[in-house]
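This is run_3.pdb. It holds PDB, C-alpha atoms.
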MODEL        1
ATOM      1  CA  MET W 756     -14.736   8.866  -4.178  1.00  0.00           C
ATOM      2  CA  PRO W 757     -16.297   6.326  -1.805  1.00  0.00           C
ATOM      3  CA  ASP W 758     -14.357   5.185   1.253  1.00  0.00           C
ATOM      4  CA  ILE W 759     -12.838   1.779   0.442  1.00  0.00           C
ATOM      5  CA  ARG W 760     -11.718   0.990   3.999  1.00  0.00           C
ATOM      6  CA  PRO W 761     -14.830  -1.060   4.859  1.00  0.00           C
ATOM      7  CA  TYR W 762     -14.129  -3.300   1.860  1.00  0.00           C
ATOM      8  CA  LEU W 763     -10.428  -3.616   2.619  1.00  0.00           C
ATOM      9  CA  ALA W 764     -11.136  -4.359   6.280  1.00  0.00           C
ATOM     10  CA  HIS W 765     -12.658  -7.709   5.284  1.00  0.00           C
ATOM     11  CA  ALA W 766     -10.048  -8.623   2.678  1.00  0.00           C
ATOM     12  CA  ARG W 767      -7.256 -11.105   3.256  1.00  0.00           C
ATOM     13  CA  LEU W 768      -5.434 -10.014   0.107  1.00  0.00           C
ATOM     14  CA  ALA W 769      -5.449  -6.906  -2.089  1.00  0.00           C
ATOM     15  CA  VAL W 770      -4.692  -7.599  -5.749  1.00  0.00           C
ATOM     16  CA  ALA W 771      -3.512  -4.935  -8.212  1.00  0.00           C
ATOM     17  CA  PRO W 772      -2.866  -6.603 -11.599  1.00  0.00           C
ATOM     18  CA  LEU W 773      -2.398  -3.376 -13.529  1.00  0.00           C
ATOM     19  CA  ARG W 774      -0.865  -3.585 -16.994  1.00  0.00           C
ATOM     20  CA  ILE W 775      -0.666   0.184 -17.447  1.00  0.00           C
ATOM     21  CA  ALA W 776      -0.285   2.581 -14.534  1.00  0.00           C
ATOM     22  CA  ARG W 777       0.379   6.299 -14.377  1.00  0.00           C
ATOM     23  CA  GLY W 778       1.749   7.754 -11.172  1.00  0.00           C
ATOM     24  CA  VAL W 779       1.696   6.255  -7.716  1.00  0.00           C
ATOM     25  CA  GLN W 780      -1.213   3.890  -7.232  1.00  0.00           C
ATOM     26  CA  ASN W 781      -3.069   5.104  -4.161  1.00  0.00           C
ATOM     27  CA  LYS W 782      -5.120   1.898  -4.081  1.00  0.00           C
ATOM     28  CA  VAL W 783      -1.901  -0.006  -3.339  1.00  0.00           C
ATOM     29  CA  LEU W 784      -0.853   2.485  -0.653  1.00  0.00           C
ATOM     30  CA  GLU W 785      -4.331   2.350   0.925  1.00  0.00           C
ATOM     31  CA  ALA W 786      -4.234  -1.440   1.187  1.00  0.00           C
ATOM     32  CA  MET W 787      -0.700  -1.347   2.578  1.00  0.00           C
ATOM     33  CA  SER W 788      -1.748   1.251   5.150  1.00  0.00           C
ATOM     34  CA  MET W 789      -4.477  -1.120   6.362  1.00  0.00           C
ATOM     35  CA  GLU W 790      -1.949  -3.922   6.951  1.00  0.00           C
ATOM     36  CA  LYS W 791      -3.112  -5.953   3.959  1.00  0.00           C
ATOM     37  CA  THR W 792      -0.791  -8.042   1.873  1.00  0.00           C
ATOM     38  CA  VAL W 793      -0.769  -6.572  -1.617  1.00  0.00           C
ATOM     39  CA  LEU W 794      -0.163  -8.753  -4.658  1.00  0.00           C
ATOM     40  CA  ALA W 795       0.714  -6.410  -7.494  1.00  0.00           C
ATOM     41  CA  SER W 796       2.162  -6.209 -10.972  1.00  0.00           C
ATOM     42  CA  PRO W 797       5.416  -4.295 -11.506  1.00  0.00           C
ATOM     43  CA  GLN W 798       3.399  -1.514 -13.169  1.00  0.00           C
ATOM     44  CA  ALA W 799       1.218  -1.100 -10.068  1.00  0.00           C
ATOM     45  CA  LEU W 800       4.355  -0.675  -7.959  1.00  0.00           C
ATOM     46  CA  GLU W 801       6.002   2.041 -10.032  1.00  0.00           C
ATOM     47  CA  GLY W 802       6.856   4.931  -7.744  1.00  0.00           C
ATOM     48  CA  ILE W 803       6.221   2.924  -4.566  1.00  0.00           C
ATOM     49  CA  ASP W 804       9.234   2.233  -2.405  1.00  0.00           C
ATOM     50  CA  ALA W 805       8.535  -1.230  -0.990  1.00  0.00           C
ATOM     51  CA  THR W 806      10.394  -4.527  -0.998  1.00  0.00           C
ATOM     52  CA  PRO W 807       8.706  -7.467  -2.771  1.00  0.00           C
ATOM     53  CA  GLY W 808       8.573 -10.528  -0.555  1.00  0.00           C
ATOM     54  CA  GLN W 809       8.776  -8.434   2.601  1.00  0.00           C
ATOM     55  CA  GLU W 810       6.283  -5.552   2.383  1.00  0.00           C
ATOM     56  CA  LEU W 811       4.181  -6.791  -0.534  1.00  0.00           C
ATOM     57  CA  GLU W 812       4.124  -9.537  -3.146  1.00  0.00           C
ATOM     58  CA  LEU W 813       4.920  -9.265  -6.848  1.00  0.00           C
ATOM     59  CA  ALA W 814       3.458 -11.132  -9.833  1.00  0.00           C
ATOM     60  CA  ARG W 815       4.549 -10.492 -13.411  1.00  0.00           C
ATOM     61  CA  ASP W 816       1.929 -12.446 -15.362  1.00  0.00           C
ATOM     62  CA  GLU W 817      -1.381 -14.287 -15.050  1.00  0.00           C
ATOM     63  CA  ALA W 818       0.210 -17.578 -13.978  1.00  0.00           C
ATOM     64  CA  GLU W 819       2.186 -15.850 -11.205  1.00  0.00           C
ATOM     65  CA  PHE W 820      -0.933 -14.018 -10.007  1.00  0.00           C
ATOM     66  CA  ILE W 821      -2.831 -17.305  -9.765  1.00  0.00           C
ATOM     67  CA  SER W 822      -0.061 -19.217  -7.996  1.00  0.00           C
ATOM     68  CA  GLN W 823       0.819 -16.355  -5.650  1.00  0.00           C
ATOM     69  CA  ALA W 824      -2.825 -15.693  -4.743  1.00  0.00           C
ATOM     70  CA  ALA W 825      -3.407 -19.403  -4.064  1.00  0.00           C
ATOM     71  CA  ARG W 826      -0.258 -19.551  -1.932  1.00  0.00           C
ATOM     72  CA  LEU W 827      -1.100 -16.392   0.013  1.00  0.00           C
ATOM     73  CA  LEU W 828      -4.734 -17.275   0.623  1.00  0.00           C
ATOM     74  CA  GLY W 829      -3.939 -20.869   1.532  1.00  0.00           C
ATOM     75  CA  ARG W 830      -0.912 -20.329   3.728  1.00  0.00           C
ATOM     76  CA  PRO W 831      -1.047 -21.834   7.209  1.00  0.00           C
ATOM     77  CA  GLY W 832      -1.868 -19.290   9.868  1.00  0.00           C
ATOM     78  CA  ALA W 833      -3.523 -16.931   7.406  1.00  0.00           C
ATOM     79  CA  GLY W 834      -6.539 -17.008   9.705  1.00  0.00           C
ATOM     80  CA  PRO W 835      -9.567 -14.777   9.385  1.00  0.00           C
ATOM     81  CA  PRO W 836      -9.298 -11.348   7.718  1.00  0.00           C
ATOM     82  CA  GLN W 837      -8.741  -9.682  11.093  1.00  0.00           C
ATOM     83  CA  ALA W 838      -5.671 -11.807  11.946  1.00  0.00           C
ATOM     84  CA  PRO W 839      -2.356  -9.897  11.785  1.00  0.00           C
ATOM     85  CA  ASP W 840      -0.353 -10.629   8.668  1.00  0.00           C
ATOM     86  CA  PRO W 841       3.462 -10.242   8.811  1.00  0.00           C
ATOM     87  CA  VAL W 842       3.693  -8.884   5.250  1.00  0.00           C
ATOM     88  CA  GLY W 843       0.768  -6.549   5.895  1.00  0.00           C
ATOM     89  CA  MET W 844       2.328  -5.367   9.145  1.00  0.00           C
ATOM     90  CA  ALA W 845       5.608  -4.633   7.322  1.00  0.00           C
ATOM     91  CA  ALA W 846       3.625  -2.794   4.649  1.00  0.00           C
ATOM     92  CA  ARG W 847       1.975  -0.611   7.284  1.00  0.00           C
ATOM     93  CA  ARG W 848       5.361   0.204   8.833  1.00  0.00           C
ATOM     94  CA  ARG W 849       6.626   1.234   5.369  1.00  0.00           C
ATOM     95  CA  ILE W 850       3.614   3.510   4.877  1.00  0.00           C
ATOM     96  CA  LEU W 851       4.071   5.152   8.275  1.00  0.00           C
ATOM     97  CA  ARG W 852       7.777   5.626   7.640  1.00  0.00           C
ATOM     98  CA  ASP W 853       7.722   6.863   4.036  1.00  0.00           C
ATOM     99  CA  TYR W 854       4.181   7.908   3.104  1.00  0.00           C
ATOM    100  CA  ASP W 855       2.829   9.611   6.222  1.00  0.00           C
ATOM    101  CA  TRP W 856       1.010  12.834   5.279  1.00  0.00           C
ATOM    102  CA  ASP W 857       2.563  14.940   8.039  1.00  0.00           C
ATOM    103  CA  ALA W 858       6.087  13.819   7.135  1.00  0.00           C
ATOM    104  CA  SER W 859       5.446  14.328   3.423  1.00  0.00           C
ATOM    105  CA  LEU W 860       3.968  17.779   3.939  1.00  0.00           C
ATOM    106  CA  GLY W 861       6.857  18.643   6.243  1.00  0.00           C
ATOM    107  CA  ARG W 862       9.350  17.783   3.488  1.00  0.00           C
ATOM    108  CA  LEU W 863       7.321  19.823   1.013  1.00  0.00           C
ATOM    109  CA  GLY W 864       7.236  22.741   3.441  1.00  0.00           C
ATOM    110  CA  ALA W 865      10.992  22.526   3.859  1.00  0.00           C
ATOM    111  CA  LEU W 866      11.463  22.579   0.078  1.00  0.00           C
ATOM    112  CA  LEU W 867       9.244  25.654  -0.115  1.00  0.00           C
ATOM    113  CA  GLY W 868      11.141  27.307   2.722  1.00  0.00           C
ATOM    114  CA  LEU W 869       8.167  27.361   5.073  1.00  0.00           C
ATOM    115  CA  GLU W 870       8.709  27.325   8.799  1.00  0.00           C
ATOM    116  CA  PRO W 871       6.732  24.635  10.658  1.00  0.00           C
ATOM    117  CA  ALA W 872       4.540  27.327  12.270  1.00  0.00           C
ATOM    118  CA  ALA W 873       3.735  28.758   8.826  1.00  0.00           C
ATOM    119  CA  ARG W 874       2.084  25.530   7.709  1.00  0.00           C
ATOM    120  CA  ALA W 875      -1.613  25.031   8.252  1.00  0.00           C
ATOM    121  CA  PRO W 876      -2.557  22.588  11.011  1.00  0.00           C
ATOM    122  CA  ALA W 877      -3.518  19.072   9.918  1.00  0.00           C
ATOM    123  CA  GLY W 878      -7.092  19.004   8.702  1.00  0.00           C
ATOM    124  CA  ALA W 879      -7.346  22.779   8.352  1.00  0.00           C
ATOM    125  CA  LEU W 880      -9.066  24.182   5.307  1.00  0.00           C
ATOM    126  CA  PRO W 881      -7.576  27.143   3.421  1.00  0.00           C
TER     127      PRO W 881
ENDMDL
END
Representation of the structure as structure tokens:
Amino acid sequence: MPDIRPYLAHARLAVAPLRIARGVQNKVLEAMSMEKTVLASPQALEGIDATPGQELELARDEAEFISQAARLLGRPGAGPPQAPDPVGMAARRRILRDYDWDASLGRLGALLGLEPAARAPAGALP
């Protein structure tokens, strides 16, 4: 799969208007990890622990997507794509707190009864 970070780096808003979603949507997590405000449908947020209005934005139908996107893109202080965004910054903090690979693998290792030294180092191949 191609690296989407160069595309997200220039975005002011990531939109995920999914009607049907299966599992955690990595595209939402990727945008959140890059400090982007995410505007998503409830289906796109299934399995993601984040607070609408604080760490991302929620829209339930086409009219909400249009009004929310217009509001978010036109808000004062939105600035260029590189400008820090408070919702995006909160999203990044959520990702680092709850979706960090090392922390997640550590919890998995604990469930499997592995000692920290028994786990492979980050980036190691089997």
Worksheet entry | W:Leu860, W:Ile759, W:Ile821, W:Leu794 ranked by distance to W:Thr806, top pick (using all atoms listed in the file) |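 Result for the nearest residue to W:Thr806: W:Leu794.
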Practice prompt. Would you please work out which residue, of W:Leu800, W:Ala865, W:Ile850, W:Met844, is nearest to W:Leu773 when using only C-alpha atoms?
Written response: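 Smallest separation from W:Leu773 among the options: W:Leu800.
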Item to complete: Using the chain letters and residue numbers of this document, give as a count of residues only the residues selected by the PyMOL selection byres ((chain W and resi 846) around 8).
Response: 17
Worksheet entry | Separation of atom CA of W:Arg862 from atom CA of W:Lys782, in Å and rounded to one decimal |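 Distance between the two atoms: 22.8 Å.
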Discussion item. Just the number, please: distance in Å from atom CA of W:Gln823 to atom CA of W:Leu768, one decimal.
Written reply: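 Interatomic distance here is 10.6 Å.
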Worksheet item: W:Glu812, W:Asp804, W:Asp855, W:Asp758: which is nearest W:Ala771, counting all atoms listed in the file?
Response: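 Looking only at the distances to W:Ala771, the closest residue turns out to be W:Glu812.
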Item to complete: Kindly indicate which residue among W:Met789, W:Ala825, W:Val783, W:Leu866 lies nearest to W:Arg760, using only C-alpha atoms for the distances.
Response: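 Selected residue with least distance to W:Arg760: W:Met789.
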Practice prompt. I would like the residues chosen by the PyMOL selection byres ((chain W and resi 802) around 9) on the shown file; could you give them as a list of chain:residue names?
Written response: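 In the shown coordinates, the PyMOL selection byres ((chain W and resi 802) around 9) covers W:Gly778, W:Val779, W:Gln780, W:Ala799, W:Leu800, W:Glu801, W:Ile803, W:Asp804.
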Kindly output stretch 792-805 of chain W as a short mmCIF file (atom, residue, chain, number, x, y, z; two decimals), in the frame of the given file, after building N, CA and C atoms.
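Contents of part15.cif, freshly written:
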data_model
loop_
_atom_site.label_atom_id
_atom_site.label_comp_id
_atom_site.auth_asym_id
_atom_site.auth_seq_id
_atom_site.Cartn_x
_atom_site.Cartn_y
_atom_site.Cartn_z
N THR W 792 -1.78 -7.62 2.84
CA THR W 792 -0.79 -8.04 1.87
C THR W 792 -1.30 -7.62 0.51
N VAL W 793 -0.43 -7.01 -0.26
CA VAL W 793 -0.77 -6.57 -1.62
C VAL W 793 -0.02 -7.46 -2.60
N LEU W 794 -0.74 -7.99 -3.56
CA LEU W 794 -0.16 -8.75 -4.66
C LEU W 794 -0.32 -7.88 -5.89
N ALA W 795 0.79 -7.42 -6.44
CA ALA W 795 0.71 -6.41 -7.49
C ALA W 795 1.65 -6.72 -8.65
N SER W 796 1.30 -6.15 -9.79
CA SER W 796 2.16 -6.21 -10.97
C SER W 796 3.26 -5.16 -10.82
N PRO W 797 4.36 -5.31 -11.57
CA PRO W 797 5.42 -4.30 -11.51
C PRO W 797 4.89 -2.90 -11.85
N GLN W 798 3.94 -2.81 -12.78
CA GLN W 798 3.40 -1.51 -13.17
C GLN W 798 2.65 -0.85 -12.00
N ALA W 799 1.96 -1.64 -11.20
CA ALA W 799 1.22 -1.10 -10.07
C ALA W 799 2.15 -0.60 -8.97
N LEU W 800 3.40 -1.05 -9.00
CA LEU W 800 4.36 -0.68 -7.96
C LEU W 800 5.29 0.45 -8.37
N GLU W 801 5.14 0.94 -9.60
CA GLU W 801 6.00 2.04 -10.03
C GLU W 801 5.81 3.25 -9.12
N GLY W 802 6.90 3.77 -8.61
CA GLY W 802 6.86 4.93 -7.74
C GLY W 802 6.61 4.61 -6.29
N ILE W 803 6.44 3.33 -5.96
CA ILE W 803 6.22 2.92 -4.57
C ILE W 803 7.49 2.25 -4.07
N ASP W 804 8.02 2.78 -2.99
CA ASP W 804 9.23 2.23 -2.40
C ASP W 804 8.85 1.15 -1.41
N ALA W 805 8.86 -0.09 -1.85
CA ALA W 805 8.54 -1.23 -0.99
C ALA W 805 9.29 -2.44 -1.52
#
